[in-house]
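A.B. asks: Input: one structure, supplied below.
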Amino acid sequence: MALVPYDHSLLPGLKKLHDSSSAFQFAGRHVKISQDWGKLGVAAVVWDAAVVLCTYLELGAVELKGMSAIELGAGTGLVGIVATLLGANVTITDRKSALEFLQTNVKANLPPEVQMKARIAELTWGENLECFERSSYDLILGADIVYLEETFQDLLNTLDYLSSEKTTILLSCRIRYERDSKFLKMMEQTFMVSEVHYDPERDIHIYKAQKHPTSRDL
Ligand SMILES: C[S@@+](CC[C@H](N)C(=O)[O-])C[C@H]1O[C@@H](n2cnc3c(N)ncnc32)[C@H](O)[C@@H]1O
């Protein structure tokens, strides 16, 4: 197999990941997200799935005002920032290595009067879940977090732990490989899963999931 040198200037879809920031207009505000692909990789750039999920939230498809939400694998925090601006109380989480950068973006984009509605917390899927309240969230959000097969079971355990039958889970995904669909199949054992939105331009699906009434919390 020939090895083709990686040149992001040839792939415009990837080039924007190397920009030092990306800017958006959400919830009537200018949101500017710093990026640092070189230093922190996937957690420090805004993925299309996050943009599509923010747009979906802004359309009002789910109630956010006063809701208790948690974002998993938040990366730069764009989704958590927008959910907070739209009125939710949001716990914005990622692995420890991503938290400092995440905190900077959250702080830079939330006006002082809503800063207290967003909390940053370390959450590596499947680990130390007892630090979070079980089954207590109205909404669980995740953008482009279904991509590592070795994390699927831990991610599923995390969703199961954090949710009740009343929780709405929104996962915004690009289905890159067959294994990504496998995760959705795994989810169906515990949750009712349906596709609620598709953005053909960015090739992003949004799936909504809710726990089966019969399933028992872990
Ligand atoms: C493709 S990025 C998506 C980031 C952001 N949600 C977005 O769409 O812009 C995947 C994110 O999942 C996080 N992640 C990967 N494995 C994880 C794990 N085992 N536990 C928690 N977060 C994880 C990464 O740190 C990264 O922020």
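Letters for chains follow the order of the structure tokens (A, B, ...), residue numbers begin at 1 for each chain, and ligand numbers begin at 1 in the order shown.
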Distance table requested - chain A against ligand 1, cut-off 8 Å, only C-alpha atoms and all ligand atoms: one row per qualifying residue with the closest atom pair and its distance in Å to one decimal, ordered by chain and rising residue number, as a Markdown table.

C.D. replies:
| residue | atom | partner | partner_atom_place_in_ligand_line | distance |
| --- | --- | --- | --- | --- |
| A:Val42 | CA | ligand 1 | 2 (S) | 4.8 |
| A:Ala43 | CA | ligand 1 | 27 (O) | 3.5 |
| A:Ala44 | CA | ligand 1 | 27 (O) | 6.9 |
| A:Val45 | CA | ligand 1 | 9 (O) | 5.9 |
| A:Val46 | CA | ligand 1 | 9 (O) | 3.8 |
| A:Trp47 | CA | ligand 1 | 9 (O) | 3.9 |
| A:Asp48 | CA | ligand 1 | 8 (O) | 6.5 |
| A:Ala49 | CA | ligand 1 | 8 (O) | 5.2 |
| A:Ala50 | CA | ligand 1 | 8 (O) | 4.1 |
| A:Val51 | CA | ligand 1 | 8 (O) | 7.5 |
| A:Leu72 | CA | ligand 1 | 22 (N) | 6.4 |
| A:Gly73 | CA | ligand 1 | 12 (O) | 3.7 |
| A:Ala74 | CA | ligand 1 | 6 (N) | 4.1 |
| A:Gly75 | CA | ligand 1 | 27 (O) | 3.4 |
| A:Thr76 | CA | ligand 1 | 9 (O) | 6.1 |
| A:Gly77 | CA | ligand 1 | 5 (C) | 6.7 |
| A:Leu78 | CA | ligand 1 | 9 (O) | 6.7 |
| A:Val79 | CA | ligand 1 | 6 (N) | 7.2 |
| A:Thr93 | CA | ligand 1 | 22 (N) | 7.5 |
| A:Asp94 | CA | ligand 1 | 22 (N) | 4.6 |
| A:Arg95 | CA | ligand 1 | 21 (C) | 4.8 |
| A:Ser97 | CA | ligand 1 | 25 (O) | 7.6 |
| A:Ala98 | CA | ligand 1 | 25 (O) | 6.0 |
| A:Leu123 | CA | ligand 1 | 21 (C) | 5.6 |
| A:Thr124 | CA | ligand 1 | 20 (N) | 3.4 |
| A:Trp125 | CA | ligand 1 | 20 (N) | 4.1 |
| A:Gly126 | CA | ligand 1 | 20 (N) | 7.6 |
| A:Gly142 | CA | ligand 1 | 6 (N) | 6.0 |
| A:Ala143 | CA | ligand 1 | 8 (O) | 4.2 |
| A:Asp144 | CA | ligand 1 | 3 (C) | 4.7 |
| A:Ile145 | CA | ligand 1 | 10 (C) | 4.8 |
| A:Val146 | CA | ligand 1 | 10 (C) | 7.9 |
| A:Tyr147 | CA | ligand 1 | 1 (C) | 7.4 |
| A:Leu148 | CA | ligand 1 | 16 (N) | 7.1 |
| A:Thr151 | CA | ligand 1 | 19 (N) | 5.6 |
| A:Asp154 | CA | ligand 1 | 19 (N) | 7.3 |
| A:Leu155 | CA | ligand 1 | 19 (N) | 7.3 |

A.B. asks: Enumerate, in order of chain and increasing residue number, the residues of range 69-184 of chain A with an atom no farther than 12 Å from range 20-32 of chain A, each with its shortest atom pair and distance in Å to one decimal, counting only C-alpha atoms, as a Markdown table.

C.D. replies:
| residue | atom | partner | partner_atom | distance |
| --- | --- | --- | --- | --- |
| A:Thr76 | CA | A:Ser21 | CA | 10.4 |
| A:Gly77 | CA | A:Val31 | CA | 11.0 |
| A:Leu78 | CA | A:Val31 | CA | 8.3 |
| A:Val79 | CA | A:Phe26 | CA | 10.2 |
| A:Gly80 | CA | A:Phe26 | CA | 11.9 |
| A:Ile81 | CA | A:Val31 | CA | 8.7 |
| A:Val82 | CA | A:Phe26 | CA | 6.7 |
| A:Ala83 | CA | A:Ala27 | CA | 8.9 |
| A:Thr84 | CA | A:Ala27 | CA | 9.6 |
| A:Leu85 | CA | A:Ala27 | CA | 6.3 |
| A:Leu86 | CA | A:Ala27 | CA | 6.2 |
| A:Gly87 | CA | A:Ala27 | CA | 9.7 |
| A:Thr104 | CA | A:Lys32 | CA | 11.2 |
| A:Asn105 | CA | A:Lys32 | CA | 8.0 |
| A:Val106 | CA | A:Val31 | CA | 9.9 |
| A:Lys107 | CA | A:Lys32 | CA | 11.1 |
| A:Ala108 | CA | A:Lys32 | CA | 8.0 |
| A:Asn109 | CA | A:Val31 | CA | 6.0 |
| A:Leu110 | CA | A:Val31 | CA | 8.8 |
| A:Pro111 | CA | A:Arg29 | CA | 10.0 |

A.B. asks: Please indicate the distance in Å from CA of Val62 in chain A to CA of Glu122 in chain A, rounded to one decimal place.

C.D. replies: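 Between these atoms lies a distance of 25.5 Å.
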
A.B. asks: When DSSP works through the backbone of this structure, what residues of range 22-59 of chain A end up as strand (DSSP E or B), shown as a ChimeraX atom specification?

C.D. replies: /A:22-26,29-34

A.B. asks: Tell me, as an MDAnalysis selection string, which residues lie within 12 Å of Ser194 in chain A, counting only C-alpha atoms; anything in the same chain fewer than 5 positions away does not count.

C.D. replies: chainID A and resid 168:172 184:185 187:188 205:211

A.B. asks: Take the selection from the previous step and output its residues with N, CA, C and O atoms, as an mmCIF file, in the first residue's frame.

C.D. replies:
data_model
loop_
_atom_site.group_PDB
_atom_site.id
_atom_site.type_symbol
_atom_site.label_atom_id
_atom_site.label_comp_id
_atom_site.auth_asym_id
_atom_site.auth_seq_id
_atom_site.Cartn_x
_atom_site.Cartn_y
_atom_site.Cartn_z
ATOM 1 N N THR A 168 -33.498 12.555 28.665
ATOM 2 C CA THR A 168 -33.330 12.556 27.204
ATOM 3 C C THR A 168 -31.840 12.587 26.897
ATOM 4 O O THR A 168 -31.120 13.435 27.417
ATOM 5 N N ILE A 169 -31.415 11.649 26.072
ATOM 6 C CA ILE A 169 -30.011 11.613 25.639
ATOM 7 C C ILE A 169 -29.965 12.045 24.182
ATOM 8 O O ILE A 169 -30.728 11.530 23.359
ATOM 9 N N LEU A 170 -29.089 13.015 23.867
ATOM 10 C CA LEU A 170 -28.912 13.417 22.462
ATOM 11 C C LEU A 170 -27.462 13.179 22.068
ATOM 12 O O LEU A 170 -26.549 13.755 22.667
ATOM 13 N N LEU A 171 -27.260 12.312 21.104
ATOM 14 C CA LEU A 171 -25.912 12.021 20.607
ATOM 15 C C LEU A 171 -25.832 12.469 19.158
ATOM 16 O O LEU A 171 -26.641 12.048 18.320
ATOM 17 N N SER A 172 -24.869 13.323 18.893
ATOM 18 C CA SER A 172 -24.679 13.828 17.539
ATOM 19 C C SER A 172 -23.448 13.111 16.968
ATOM 20 O O SER A 172 -22.367 13.173 17.557
ATOM 21 N N LEU A 184 -24.738 1.910 18.402
ATOM 22 C CA LEU A 184 -26.174 2.214 18.467
ATOM 23 C C LEU A 184 -26.973 0.946 18.754
ATOM 24 O O LEU A 184 -27.933 0.954 19.503
ATOM 25 N N LYS A 185 -26.545 -0.160 18.166
ATOM 26 C CA LYS A 185 -27.199 -1.457 18.429
ATOM 27 C C LYS A 185 -27.022 -1.827 19.906
ATOM 28 O O LYS A 185 -27.955 -2.312 20.549
ATOM 29 N N MET A 187 -26.660 0.173 22.326
ATOM 30 C CA MET A 187 -27.502 1.097 23.103
ATOM 31 C C MET A 187 -28.944 0.623 23.187
ATOM 32 O O MET A 187 -29.630 0.816 24.183
ATOM 33 N N GLU A 188 -29.387 -0.005 22.085
ATOM 34 C CA GLU A 188 -30.800 -0.398 22.007
ATOM 35 C C GLU A 188 -31.188 -1.451 23.042
ATOM 36 O O GLU A 188 -32.362 -1.660 23.309
ATOM 37 N N HIS A 205 -25.602 12.798 12.062
ATOM 38 C CA HIS A 205 -26.904 12.306 12.543
ATOM 39 C C HIS A 205 -27.059 12.706 14.012
ATOM 40 O O HIS A 205 -26.083 12.661 14.770
ATOM 41 N N ILE A 206 -28.281 13.040 14.393
ATOM 42 C CA ILE A 206 -28.548 13.200 15.834
ATOM 43 C C ILE A 206 -29.505 12.092 16.257
ATOM 44 O O ILE A 206 -30.571 11.902 15.658
ATOM 45 N N TYR A 207 -29.085 11.356 17.276
ATOM 46 C CA TYR A 207 -29.907 10.271 17.819
ATOM 47 C C TYR A 207 -30.416 10.683 19.193
ATOM 48 O O TYR A 207 -29.664 11.250 19.996
ATOM 49 N N LYS A 208 -31.692 10.369 19.405
ATOM 50 C CA LYS A 208 -32.298 10.631 20.708
ATOM 51 C C LYS A 208 -32.504 9.278 21.379
ATOM 52 O O LYS A 208 -32.937 8.318 20.722
ATOM 53 N N ALA A 209 -32.193 9.193 22.648
ATOM 54 C CA ALA A 209 -32.369 7.919 23.352
ATOM 55 C C ALA A 209 -33.016 8.150 24.704
ATOM 56 O O ALA A 209 -32.796 9.181 25.344
ATOM 57 N N GLN A 210 -33.814 7.192 25.095
ATOM 58 C CA GLN A 210 -34.481 7.229 26.393
ATOM 59 C C GLN A 210 -34.505 5.814 26.939
ATOM 60 O O GLN A 210 -34.677 4.860 26.173
ATOM 61 N N LYS A 211 -34.312 5.699 28.231
ATOM 62 C CA LYS A 211 -34.223 4.370 28.840
ATOM 63 C C LYS A 211 -35.533 3.608 28.684
ATOM 64 O O LYS A 211 -36.618 4.195 28.865
#

A.B. asks: Between CA of Pro213 in chain A and CA of Lys166 in chain A, what is the distance in Å, rounded to a tenth?

C.D. replies: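 Separation between CA of Pro213 in chain A and CA of Lys166 in chain A: 9.2 Å.
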
A.B. asks: Point out the residue among A:Ala121, A:Cys131, A:Ile204, A:Met186 with the least atom-to-atom distance to Thr55 in chain A, counting only C-alpha atoms.

C.D. replies: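 Closest to Thr55 in chain A of all the choices is A:Ile204.
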
A.B. asks: Could you name the residues that touch Ser164 in chain A at 9 Å or less, counting only C-alpha atoms, but leaving out those on the same chain fewer than 2 positions away, as a VMD selection string?

C.D. replies: chain A and resid 134 to 138 160 to 162 166 to 168 210 to 211 217

A.B. asks: What does the structure give for the distance between CA of Val90 in chain A and CA of Ala118 in chain A, in Å to one decimal?

C.D. replies: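 Straight-line distance from CA of Val90 in chain A to CA of Ala118 in chain A works out to 4.9 Å.
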
A.B. asks: What are the DSSP alpha helix (DSSP H) residues of range 34-89 of chain A, as JSON, numbers by chain?

C.D. replies: {"A": [37, 38, 39, 40, 48, 49, 50, 51, 52, 53, 54, 55, 56, 57, 58, 78, 79, 80, 81, 82, 83, 84, 85]}

A.B. asks: How would the residues just chosen look if you wrote them out with N, CA and C atoms as an mmCIF file, in the first residue's frame?

C.D. replies:
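Result saved to selection.cif:
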data_model
loop_
_atom_site.group_PDB
_atom_site.id
_atom_site.type_symbol
_atom_site.label_atom_id
_atom_site.label_comp_id
_atom_site.auth_asym_id
_atom_site.auth_seq_id
_atom_site.Cartn_x
_atom_site.Cartn_y
_atom_site.Cartn_z
ATOM 1 N N TRP A 37 -5.110 22.005 18.017
ATOM 2 C CA TRP A 37 -4.976 20.618 17.540
ATOM 3 C C TRP A 37 -3.568 20.080 17.822
ATOM 4 N N GLY A 38 -2.562 20.954 17.587
ATOM 5 C CA GLY A 38 -1.176 20.525 17.719
ATOM 6 C C GLY A 38 -0.854 20.051 19.124
ATOM 7 N N LYS A 39 -1.417 20.704 20.135
ATOM 8 C CA LYS A 39 -1.065 20.386 21.517
ATOM 9 C C LYS A 39 -1.982 19.328 22.112
ATOM 10 N N LEU A 40 -3.286 19.444 21.848
ATOM 11 C CA LEU A 40 -4.244 18.587 22.564
ATOM 12 C C LEU A 40 -5.064 17.669 21.665
ATOM 13 N N ASP A 48 -17.725 18.930 13.626
ATOM 14 C CA ASP A 48 -19.010 19.264 12.984
ATOM 15 C C ASP A 48 -20.202 18.801 13.820
ATOM 16 N N ALA A 49 -20.047 17.682 14.477
ATOM 17 C CA ALA A 49 -21.159 17.130 15.267
ATOM 18 C C ALA A 49 -21.587 18.108 16.360
ATOM 19 N N ALA A 50 -20.617 18.852 16.909
ATOM 20 C CA ALA A 50 -20.945 19.825 17.954
ATOM 21 C C ALA A 50 -21.750 20.983 17.357
ATOM 22 N N VAL A 51 -21.342 21.433 16.182
ATOM 23 C CA VAL A 51 -22.031 22.562 15.531
ATOM 24 C C VAL A 51 -23.473 22.167 15.201
ATOM 25 N N VAL A 52 -23.635 20.951 14.691
ATOM 26 C CA VAL A 52 -24.984 20.484 14.316
ATOM 27 C C VAL A 52 -25.851 20.323 15.568
ATOM 28 N N LEU A 53 -25.267 19.832 16.652
ATOM 29 C CA LEU A 53 -26.060 19.665 17.879
ATOM 30 C C LEU A 53 -26.462 21.027 18.455
ATOM 31 N N CYS A 54 -25.557 21.997 18.404
ATOM 32 C CA CYS A 54 -25.894 23.353 18.883
ATOM 33 C C CYS A 54 -27.044 23.940 18.065
ATOM 34 N N THR A 55 -26.978 23.755 16.761
ATOM 35 C CA THR A 55 -28.038 24.275 15.883
ATOM 36 C C THR A 55 -29.371 23.613 16.243
ATOM 37 N N TYR A 56 -29.321 22.310 16.480
ATOM 38 C CA TYR A 56 -30.534 21.558 16.855
ATOM 39 C C TYR A 56 -31.092 22.080 18.194
ATOM 40 N N LEU A 57 -30.208 22.311 19.146
ATOM 41 C CA LEU A 57 -30.665 22.811 20.452
ATOM 42 C C LEU A 57 -31.282 24.199 20.297
ATOM 43 N N GLU A 58 -30.660 25.009 19.470
ATOM 44 C CA GLU A 58 -31.158 26.366 19.286
ATOM 45 C C GLU A 58 -32.541 26.386 18.629
ATOM 46 N N LEU A 78 -18.130 23.630 23.249
ATOM 47 C CA LEU A 78 -19.113 24.429 22.498
ATOM 48 C C LEU A 78 -20.559 24.045 22.844
ATOM 49 N N VAL A 79 -20.849 22.753 22.880
ATOM 50 C CA VAL A 79 -22.233 22.323 23.132
ATOM 51 C C VAL A 79 -22.675 22.730 24.544
ATOM 52 N N GLY A 80 -21.801 22.517 25.515
ATOM 53 C CA GLY A 80 -22.139 22.884 26.896
ATOM 54 C C GLY A 80 -22.338 24.390 27.042
ATOM 55 N N ILE A 81 -21.511 25.153 26.346
ATOM 56 C CA ILE A 81 -21.622 26.621 26.385
ATOM 57 C C ILE A 81 -22.987 27.042 25.824
ATOM 58 N N VAL A 82 -23.341 26.488 24.662
ATOM 59 C CA VAL A 82 -24.600 26.881 24.016
ATOM 60 C C VAL A 82 -25.803 26.415 24.853
ATOM 61 N N ALA A 83 -25.725 25.217 25.417
ATOM 62 C CA ALA A 83 -26.836 24.727 26.262
ATOM 63 C C ALA A 83 -26.994 25.634 27.489
ATOM 64 N N THR A 84 -25.866 26.115 28.035
ATOM 65 C CA THR A 84 -25.936 27.029 29.185
ATOM 66 C C THR A 84 -26.560 28.358 28.758
ATOM 67 N N LEU A 85 -26.107 28.874 27.611
ATOM 68 C CA LEU A 85 -26.657 30.151 27.120
ATOM 69 C C LEU A 85 -28.159 30.037 26.848
#
